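Participant: Next up is a structure, given as structure tokens.
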Amino acid sequence: MDKEMRSGESGRNLNILKVKSSDHKNAEKTLRALEERQQTILGGIEEGYIEVDVNGTTVFCNNSFSRITGYPMEELIGLNFREYMTESMANTVFAAYNKVYNSGVHNKGFYYEIITKNGVKRIIENSISLIRDSEGHRKGFRSVVRDITDRKLAEKELQMHRSHLKAIFESGKDAIITFDSDMVVVEANTAAENICGLAAKKNIGRVFPDCLTQCDKNCLDVIQEALRSKIMINEYQIKCNHHHRHQQRVIVTSSRLLSPNDKFMGIVVVVRDITRLSNLEQELREKNQFQKIIGKSGKMQDIYELLNLLIDLETTVLITGASGTGKSLVAKTIHYSGNRALKPMVTVNCSALSEGLLESELFGHVKGSFTGAIKDNQGRFQAASGGTILLDEIGDVSLRIQLKLLGVLEEKEFERVGESVPIKANVRVIACTNRDLEEKVKLGEFREDLYYRLKVVEVKMPSLRERVEDIPLLVEYFLGVFNKNFSKNIHGLSDEVVEIFMSYPWPGNIRELGHSIEHAFILCRGPIICLEHLPVEIRGYHDDRQRIGKKRSVKEREEILTVLDKTYWNKAKAARLLGIDRSTLYRKIHKYRLSKSEENMWRATDM
């Protein structure tokens with residue numbers, strides 16, 4: 001029995017050993033499977049993975065690390081890190097690994113340069129951690145490696161690009177300020193401090209109005225409008241009222257700042273100091289005007305020269321020209337620029353009064369001289385003693401009054417109505433008319449002797465359509481006047497309005513131009529006068545002009561096509577028949593998109 005028991009116990013022990021052996025084999029099999037799985041995972045990731053011992057010799061790596069370094073895996077195993085990097089870089093890497101070794105703290109994002117097997121330098125980023133054995137002893141390091149060469153080159157290029165942009169940003173003479181959508185200052189260059197008093201270091205991150213301490217903040221409206229409307233503001237002119245630069249004028253331009261997905265982020269504002277330019281423009285403006293008479297055209301320059309000669313002379317002057325050309329302004333300029341400037345200037349509208357009233361108005365009357373003459377009355381000639389009398393619309397006076405005026409001009413004296421006592425007339429006479437006095441003389445409606453007595457010197461005022469180049473100067477003048485009168489800040493006309501103003505015939509001349517701009521000021525709510533703000537007659541002219549232009553284009557198109565077909569598209573012959581250059585013909589063919597008709601297609605030849 002003992003033998004059986006011993007035999008049974010021996011069998012059980014054998015079975016236990018078999019079970020243990022089986023468990024051990026299963027454990028080894030599982031471990032191998034885990035290792036293979038780990039190898040598969042590590043081999044499939046893009047990042048390089050490497051394990052090194054405490055001396056820096058490779059004990060394991062994946063395919064990606066092999067690809068990054070250019071070394072086959074079998075060469076990497078047993079290869080020390082100093083063999084694929086420069087000595088200085090190897091010392092830097094050693095210091096990083098040594099720090100991890102001593103501190104036990106994971107080192108993330110450490111990057112350095114290696115040399116691949118084929119001699120190419122690459123930059124890699126390394127995350128280092130310790131490997132410990134089962135007893136916690138430090139036995140090596142594991143690292144996850146990324147090739148960041150392209151990223152670093154891109155960063156370097158971007159940094160260089162940013163440096164160039166910063167140099168441009170800082171070297172500009174114009175103030176450049178960027179704002180977010182809440183008008184908070186994001187960035188500002190050095191010029192912003194010079195022009196706006198905006199020191200970038202102190203004001204970045206502050207709301208813009210709080211940054212302006214040296215001016216009247218006149219630019220806020222345009223910046224707020226740019227942020228609100230999210231549209232470009234182009235060259236908006238402002239007088240700063242800068243506390244230290246009292247005459248400073250600037251133009252403000254703004255553009256949108258958009259994110260890569262086109263989301264509105266804010267605006268960039270460029271402020272250009274045009275003070276010196278404005279001063280130069282003022283000097284030029286003074287050269288292009290005589291007193292308050294504005295114009296740079298050749299006709300106006302001739303008038304300026306003539307007025308310079310007339311200012312201090314006592315001679316009679318006749319100013320002629322269509323209604324609205326500025327005749328009265330010229331008369332006032334002659335008076336107030338001469339040696340009679342401190343004496344009165346008296347104006348009489350000769351067309352507004354009947355003959356009897358005009359005589360009394362000019363020469364005065366005594367009490368009882370006619371019904372209603374209840375007291376003595378001083379006439380305009382007497383009131384203008386020592387100064388100038390302007391006889392406006394002289395062409396409308398009667399022949400009897402003309403005779404009396406002739407006597408005043410020749411004898412330098414006059415008599416009041418109802419009195420025979422002569423009164424000396426120490427008066428300079430300037431006459432204006434929009435009538436053709438020479439034609440009225442021929443018709444017997446105006447005395448020839450008075451005509452030539454008045455026409456000692458004639459100043460002929462040109463119509464506005466004869467001096468189209470002066471329109472921009474006149475527009476600028478009226479903008480200044482009406483901005484002040486209406487307390488607005490309208491700084492210009494749209495391109496469409498400019499084109500209309502330069503082509504419109506202006507039958508009412510300067511007066512009509514001024515009234516048109518005043519009409520626009522009433523309707524305009526923004527900084528630019530547009531077509532819809534103009535009077536209806538000017539808008540109607542624009543519409544008619546477009547219709548006429550369209551009809552002309554249709555007619556011209558048909559004419560050119562007819563001649564081309566007639567000449568079988570021989571462009572040289574067609575151009576001769578049309579009386580135009582061949583280049584002009586080619587341009588019009590392109591403009592009207594002309595093409596050969598089928599019947600002429602095969603017969604057409606070009607020369």
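Within each chain, counting starts at residue 1; across the structure tokens, chains are named A, B, ... in the order shown, with ligands numbered 1 upward in that order.
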Skip Glu314 in chain A itself and residues of its chain fewer than 4 positions away, then list as a PyMOL selection string all residues within 10 Å of it, counting only C-alpha atoms.

Facilitator: chain A and resi 310+338-340+388+427-429

Participant: Grab the residues selected above and save them as a PDB file, in the first residue's frame with all heavy atoms.

Facilitator:
```
ATOM      1  N   LEU A 310      -5.436 146.341 -63.792  1.00  0.00           N
ATOM      2  CA  LEU A 310      -6.593 147.209 -63.565  1.00  0.00           C
ATOM      3  C   LEU A 310      -6.761 147.664 -62.124  1.00  0.00           C
ATOM      4  O   LEU A 310      -7.455 148.655 -61.865  1.00  0.00           O
ATOM      5  CB  LEU A 310      -7.875 146.485 -63.998  1.00  0.00           C
ATOM      6  CG  LEU A 310      -8.056 146.213 -65.495  1.00  0.00           C
ATOM      7  CD1 LEU A 310      -9.288 145.367 -65.714  1.00  0.00           C
ATOM      8  CD2 LEU A 310      -8.163 147.525 -66.260  1.00  0.00           C
ATOM      9  N   GLY A 338      -7.758 147.215 -54.908  1.00  0.00           N
ATOM     10  CA  GLY A 338      -7.180 148.498 -55.317  1.00  0.00           C
ATOM     11  C   GLY A 338      -7.099 149.511 -54.193  1.00  0.00           C
ATOM     12  O   GLY A 338      -7.338 149.211 -53.025  1.00  0.00           O
ATOM     13  N   ASN A 339      -6.763 150.758 -54.587  1.00  0.00           N
ATOM     14  CA  ASN A 339      -6.576 151.806 -53.586  1.00  0.00           C
ATOM     15  C   ASN A 339      -7.893 152.403 -53.100  1.00  0.00           C
ATOM     16  O   ASN A 339      -7.899 153.298 -52.253  1.00  0.00           O
ATOM     17  CB  ASN A 339      -5.662 152.915 -54.133  1.00  0.00           C
ATOM     18  CG  ASN A 339      -6.118 153.408 -55.499  1.00  0.00           C
ATOM     19  OD1 ASN A 339      -7.298 153.272 -55.850  1.00  0.00           O
ATOM     20  ND2 ASN A 339      -5.195 153.960 -56.267  1.00  0.00           N
ATOM     21  N   ARG A 340      -9.042 151.920 -53.621  1.00  0.00           N
ATOM     22  CA  ARG A 340     -10.352 152.356 -53.129  1.00  0.00           C
ATOM     23  C   ARG A 340     -10.966 151.317 -52.181  1.00  0.00           C
ATOM     24  O   ARG A 340     -12.136 151.407 -51.822  1.00  0.00           O
ATOM     25  CB  ARG A 340     -11.310 152.587 -54.309  1.00  0.00           C
ATOM     26  CG  ARG A 340     -10.954 153.791 -55.173  1.00  0.00           C
ATOM     27  CD  ARG A 340     -11.917 153.931 -56.325  1.00  0.00           C
ATOM     28  NE  ARG A 340     -11.619 155.104 -57.134  1.00  0.00           N
ATOM     29  CZ  ARG A 340     -12.250 156.278 -57.035  1.00  0.00           C
ATOM     30  NH1 ARG A 340     -13.217 156.415 -56.148  1.00  0.00           N
ATOM     31  NH2 ARG A 340     -11.926 157.300 -57.815  1.00  0.00           N
ATOM     32  N   THR A 388     -16.460 152.663 -55.390  1.00  0.00           N
ATOM     33  CA  THR A 388     -16.796 152.045 -56.679  1.00  0.00           C
ATOM     34  C   THR A 388     -18.296 151.815 -56.747  1.00  0.00           C
ATOM     35  O   THR A 388     -18.913 151.428 -55.750  1.00  0.00           O
ATOM     36  CB  THR A 388     -16.062 150.702 -56.838  1.00  0.00           C
ATOM     37  OG1 THR A 388     -14.659 150.907 -56.706  1.00  0.00           O
ATOM     38  CG2 THR A 388     -16.352 150.070 -58.184  1.00  0.00           C
ATOM     39  N   VAL A 427     -16.226 158.637 -58.299  1.00  0.00           N
ATOM     40  CA  VAL A 427     -16.609 157.223 -58.273  1.00  0.00           C
ATOM     41  C   VAL A 427     -15.961 156.492 -59.441  1.00  0.00           C
ATOM     42  O   VAL A 427     -15.910 157.012 -60.561  1.00  0.00           O
ATOM     43  CB  VAL A 427     -18.151 157.072 -58.362  1.00  0.00           C
ATOM     44  CG1 VAL A 427     -18.528 155.601 -58.400  1.00  0.00           C
ATOM     45  CG2 VAL A 427     -18.832 157.756 -57.201  1.00  0.00           C
ATOM     46  N   ARG A 428     -15.495 155.306 -59.163  1.00  0.00           N
ATOM     47  CA  ARG A 428     -15.040 154.424 -60.252  1.00  0.00           C
ATOM     48  C   ARG A 428     -16.217 153.592 -60.697  1.00  0.00           C
ATOM     49  O   ARG A 428     -16.904 152.987 -59.868  1.00  0.00           O
ATOM     50  CB  ARG A 428     -13.916 153.508 -59.787  1.00  0.00           C
ATOM     51  CG  ARG A 428     -13.392 152.611 -60.915  1.00  0.00           C
ATOM     52  CD  ARG A 428     -12.250 151.747 -60.464  1.00  0.00           C
ATOM     53  NE  ARG A 428     -11.599 151.116 -61.590  1.00  0.00           N
ATOM     54  CZ  ARG A 428     -10.510 150.362 -61.513  1.00  0.00           C
ATOM     55  NH1 ARG A 428      -9.944 150.148 -60.327  1.00  0.00           N
ATOM     56  NH2 ARG A 428      -9.963 149.822 -62.598  1.00  0.00           N
ATOM     57  N   VAL A 429     -16.442 153.520 -62.013  1.00  0.00           N
ATOM     58  CA  VAL A 429     -17.590 152.811 -62.559  1.00  0.00           C
ATOM     59  C   VAL A 429     -17.150 151.476 -63.160  1.00  0.00           C
ATOM     60  O   VAL A 429     -16.237 151.420 -63.993  1.00  0.00           O
ATOM     61  CB  VAL A 429     -18.314 153.644 -63.623  1.00  0.00           C
ATOM     62  CG1 VAL A 429     -19.462 152.845 -64.253  1.00  0.00           C
ATOM     63  CG2 VAL A 429     -18.842 154.939 -63.017  1.00  0.00           C
TER      64      VAL A 429
END
```

Participant: Quick one: residues within 7 Å of Glu113 in chain A, only C-alpha atoms, excluding same-chain residues fewer than 5 positions away - as a list in words?

Facilitator: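 Answer for this query is Met85, Met89, Lys121, Arg122, Ile123 and Ile124 of chain A.
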
Participant: May I have the residues within 7 Å of Thr178 in chain A as number ranges by chain, using only C-alpha atoms and disregarding those fewer than 6 positions away in the same chain?

Facilitator: A: 185-188, 267-269

Participant: Print the selection's residues with all heavy atoms to a file, as an mmCIF file, in the first residue's frame.

Facilitator:
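So the final result, stored in again.cif, reads:
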```cif
data_model
loop_
_atom_site.group_PDB
_atom_site.id
_atom_site.type_symbol
_atom_site.label_atom_id
_atom_site.label_comp_id
_atom_site.auth_asym_id
_atom_site.auth_seq_id
_atom_site.Cartn_x
_atom_site.Cartn_y
_atom_site.Cartn_z
ATOM 1 N N VAL A 185 -6.484 98.117 -29.912
ATOM 2 C CA VAL A 185 -5.250 98.193 -30.685
ATOM 3 C C VAL A 185 -4.502 96.865 -30.590
ATOM 4 O O VAL A 185 -4.193 96.390 -29.489
ATOM 5 C CB VAL A 185 -4.355 99.339 -30.166
ATOM 6 C CG1 VAL A 185 -3.031 99.374 -30.927
ATOM 7 C CG2 VAL A 185 -5.080 100.675 -30.281
ATOM 8 N N VAL A 186 -4.232 96.253 -31.746
ATOM 9 C CA VAL A 186 -3.503 94.986 -31.796
ATOM 10 C C VAL A 186 -2.018 95.238 -32.036
ATOM 11 O O VAL A 186 -1.160 94.614 -31.422
ATOM 12 C CB VAL A 186 -4.074 94.076 -32.902
ATOM 13 C CG1 VAL A 186 -3.266 92.791 -33.019
ATOM 14 C CG2 VAL A 186 -5.542 93.768 -32.636
ATOM 15 N N GLU A 187 -1.726 96.191 -32.900
ATOM 16 C CA GLU A 187 -0.334 96.490 -33.222
ATOM 17 C C GLU A 187 -0.257 97.894 -33.795
ATOM 18 O O GLU A 187 -1.207 98.399 -34.389
ATOM 19 C CB GLU A 187 0.219 95.469 -34.234
ATOM 20 C CG GLU A 187 1.728 95.441 -34.317
ATOM 21 C CD GLU A 187 2.250 94.218 -35.076
ATOM 22 O OE1 GLU A 187 1.420 93.444 -35.574
ATOM 23 O OE2 GLU A 187 3.477 94.064 -35.140
ATOM 24 N N ALA A 188 0.891 98.547 -33.613
ATOM 25 C CA ALA A 188 1.110 99.892 -34.158
ATOM 26 C C ALA A 188 2.596 100.072 -34.409
ATOM 27 O O ALA A 188 3.429 99.539 -33.671
ATOM 28 C CB ALA A 188 0.583 100.955 -33.201
ATOM 29 N N ILE A 267 -9.599 95.561 -38.597
ATOM 30 C CA ILE A 267 -9.154 96.392 -39.715
ATOM 31 C C ILE A 267 -7.711 96.832 -39.503
ATOM 32 O O ILE A 267 -7.203 96.844 -38.380
ATOM 33 C CB ILE A 267 -10.036 97.642 -39.892
ATOM 34 C CG1 ILE A 267 -10.024 98.508 -38.616
ATOM 35 C CG2 ILE A 267 -11.448 97.285 -40.279
ATOM 36 C CD1 ILE A 267 -10.731 99.840 -38.773
ATOM 37 N N VAL A 268 -7.060 97.156 -40.606
ATOM 38 C CA VAL A 268 -5.763 97.824 -40.547
ATOM 39 C C VAL A 268 -5.964 99.232 -41.086
ATOM 40 O O VAL A 268 -6.588 99.431 -42.127
ATOM 41 C CB VAL A 268 -4.683 97.060 -41.334
ATOM 42 C CG1 VAL A 268 -5.083 96.868 -42.795
ATOM 43 C CG2 VAL A 268 -3.339 97.791 -41.259
ATOM 44 N N VAL A 269 -5.466 100.201 -40.360
ATOM 45 C CA VAL A 269 -5.658 101.610 -40.706
ATOM 46 C C VAL A 269 -4.291 102.226 -41.008
ATOM 47 O O VAL A 269 -3.336 102.052 -40.237
ATOM 48 C CB VAL A 269 -6.342 102.379 -39.554
ATOM 49 C CG1 VAL A 269 -6.378 103.876 -39.848
ATOM 50 C CG2 VAL A 269 -7.756 101.857 -39.356
#
```

Participant: Considering only C-alpha atoms, can you say which of A:Val252, A:Leu464, A:Leu403, A:Val481 comes closest to Leu513 in chain A?

Facilitator: A:Leu464

Participant: When DSSP is applied to the backbone of this structure, which of range 383-489 of chain A are assigned strand (DSSP E or B)? Write them out as a PyMOL selection string.

Facilitator: chain A and resi 388-392+413-415+417+422-424+428-433+457-460

Participant: With distances taken over only C-alpha atoms, which of A:Lys571, A:Arg465, A:Arg447, A:Lys299 is nearest to Gly508 in chain A?

Facilitator: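 Looking at the shortest contact to Gly508 in chain A, the residue is A:Arg465.
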
Participant: List as JSON, numbers by chain the protein and nucleic acid residues near range 415-418 of chain A, meaning an atom at most 9 Å away when only C-alpha atoms are counted, but skip any in the same chain fewer than 2 places from it.

Facilitator: {"A": [359, 360, 362, 363, 364, 365, 366, 367, 368, 369, 370, 377, 378, 379, 413, 420, 421, 422, 423, 424]}

Participant: Go through range 97-270 of chain A and collect every residue that DSSP, computed from the backbone, puts in helix (DSSP H, G or I); the answer should be as a PyMOL selection string.

Facilitator: chain A and resi 97-103+149-171+190-196+200-203+208-211+220-229

Participant: Would you please work out which residue, of A:Ser351, A:Thr433, A:Ser463, A:Ser595, is nearest to Ile510 in chain A when using only C-alpha atoms?

Facilitator: A:Ser463

Participant: Ala322 in chain A: which residues within 12 Å, counting only C-alpha atoms, same-chain residues fewer than 6 positions away excluded, as an mmCIF file with N, CA and C atoms, in the first residue's frame?

Facilitator:
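Once everything was written out, this is out_10.cif:
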```
data_model
loop_
_atom_site.group_PDB
_atom_site.id
_atom_site.type_symbol
_atom_site.label_atom_id
_atom_site.label_comp_id
_atom_site.auth_asym_id
_atom_site.auth_seq_id
_atom_site.Cartn_x
_atom_site.Cartn_y
_atom_site.Cartn_z
ATOM 1 N N SER A 328 -19.793 139.571 -61.047
ATOM 2 C CA SER A 328 -19.835 140.398 -59.834
ATOM 3 C C SER A 328 -18.622 140.153 -58.957
ATOM 4 N N GLU A 393 -26.048 144.342 -64.937
ATOM 5 C CA GLU A 393 -27.020 144.213 -66.037
ATOM 6 C C GLU A 393 -27.226 145.555 -66.725
ATOM 7 N N CYS A 432 -21.429 145.529 -65.601
ATOM 8 C CA CYS A 432 -21.512 144.093 -65.948
ATOM 9 C C CYS A 432 -22.722 143.864 -66.829
ATOM 10 N N THR A 433 -22.610 142.898 -67.734
ATOM 11 C CA THR A 433 -23.776 142.504 -68.530
ATOM 12 C C THR A 433 -23.570 141.108 -69.102
ATOM 13 N N ASN A 434 -24.712 140.421 -69.282
ATOM 14 C CA ASN A 434 -24.671 139.133 -69.975
ATOM 15 C C ASN A 434 -25.233 139.273 -71.390
ATOM 16 N N ARG A 435 -25.516 140.516 -71.786
ATOM 17 C CA ARG A 435 -26.035 140.792 -73.128
ATOM 18 C C ARG A 435 -24.894 141.089 -74.087
ATOM 19 N N ASP A 436 -25.167 140.909 -75.380
ATOM 20 C CA ASP A 436 -24.213 141.267 -76.427
ATOM 21 C C ASP A 436 -24.433 142.738 -76.757
ATOM 22 N N LYS A 460 -13.677 139.720 -70.390
ATOM 23 C CA LYS A 460 -14.623 138.711 -70.885
ATOM 24 C C LYS A 460 -14.513 137.455 -70.034
ATOM 25 N N MET A 461 -15.585 137.154 -69.312
ATOM 26 C CA MET A 461 -15.586 135.963 -68.463
ATOM 27 C C MET A 461 -15.995 134.741 -69.286
ATOM 28 N N PRO A 462 -15.155 133.712 -69.325
ATOM 29 C CA PRO A 462 -15.495 132.512 -70.094
ATOM 30 C C PRO A 462 -16.590 131.702 -69.406
ATOM 31 N N SER A 463 -17.363 130.983 -70.193
ATOM 32 C CA SER A 463 -18.345 130.062 -69.616
ATOM 33 C C SER A 463 -17.619 128.889 -68.973
ATOM 34 N N LEU A 464 -18.305 128.163 -68.117
ATOM 35 C CA LEU A 464 -17.671 127.039 -67.417
ATOM 36 C C LEU A 464 -17.259 125.943 -68.386
ATOM 37 N N ARG A 465 -18.033 125.755 -69.461
ATOM 38 C CA ARG A 465 -17.660 124.701 -70.426
ATOM 39 C C ARG A 465 -16.414 125.084 -71.230
ATOM 40 N N GLU A 466 -16.026 126.380 -71.185
ATOM 41 C CA GLU A 466 -14.787 126.812 -71.834
ATOM 42 C C GLU A 466 -13.576 126.652 -70.910
ATOM 43 N N TRP A 506 -23.244 122.702 -68.304
ATOM 44 C CA TRP A 506 -23.366 123.775 -67.321
ATOM 45 C C TRP A 506 -23.913 125.066 -67.909
ATOM 46 N N PRO A 507 -25.153 125.054 -68.376
ATOM 47 C CA PRO A 507 -25.734 126.296 -68.913
ATOM 48 C C PRO A 507 -25.798 127.411 -67.877
ATOM 49 N N GLY A 508 -25.896 127.052 -66.599
ATOM 50 C CA GLY A 508 -25.915 128.060 -65.537
ATOM 51 C C GLY A 508 -24.544 128.391 -64.997
ATOM 52 N N ASN A 509 -23.505 127.804 -65.619
ATOM 53 C CA ASN A 509 -22.110 128.085 -65.286
ATOM 54 C C ASN A 509 -21.783 127.817 -63.811
ATOM 55 N N ILE A 510 -20.914 128.649 -63.209
ATOM 56 C CA ILE A 510 -20.432 128.391 -61.849
ATOM 57 C C ILE A 510 -21.583 128.418 -60.850
ATOM 58 N N ARG A 511 -22.550 129.309 -61.087
ATOM 59 C CA ARG A 511 -23.688 129.388 -60.178
ATOM 60 C C ARG A 511 -24.433 128.057 -60.143
ATOM 61 N N GLU A 512 -24.629 127.438 -61.299
ATOM 62 C CA GLU A 512 -25.319 126.150 -61.361
ATOM 63 C C GLU A 512 -24.494 125.060 -60.687
#
```

Participant: Kindly indicate which residue among A:Glu135, A:Ser163, A:Asn483, A:Tyr112 lies nearest to Thr149 in chain A, using only C-alpha atoms for the distances.

Facilitator: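 Going through A:Glu135, A:Ser163, A:Asn483, A:Tyr112 one by one, the smallest distance to Thr149 in chain A is for A:Tyr112.
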
Participant: Quick one: distance from CA of Phe446 in chain A to CA of Ile334 in chain A in Å, one decimal?

Facilitator: 25.4 Å

Participant: Distance CA of Arg249 in chain A-CA of Asp273 in chain A, one decimal place?

Facilitator: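 Distance between the two atoms: 6.1 Å.
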
Participant: Nearest to Ile177 in chain A: which of A:Met160, A:Val270, A:Cys219, A:Leu130 is it, counting only C-alpha atoms?

Facilitator: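 The shortest atom-to-atom distance to Ile177 in chain A comes from A:Val270.
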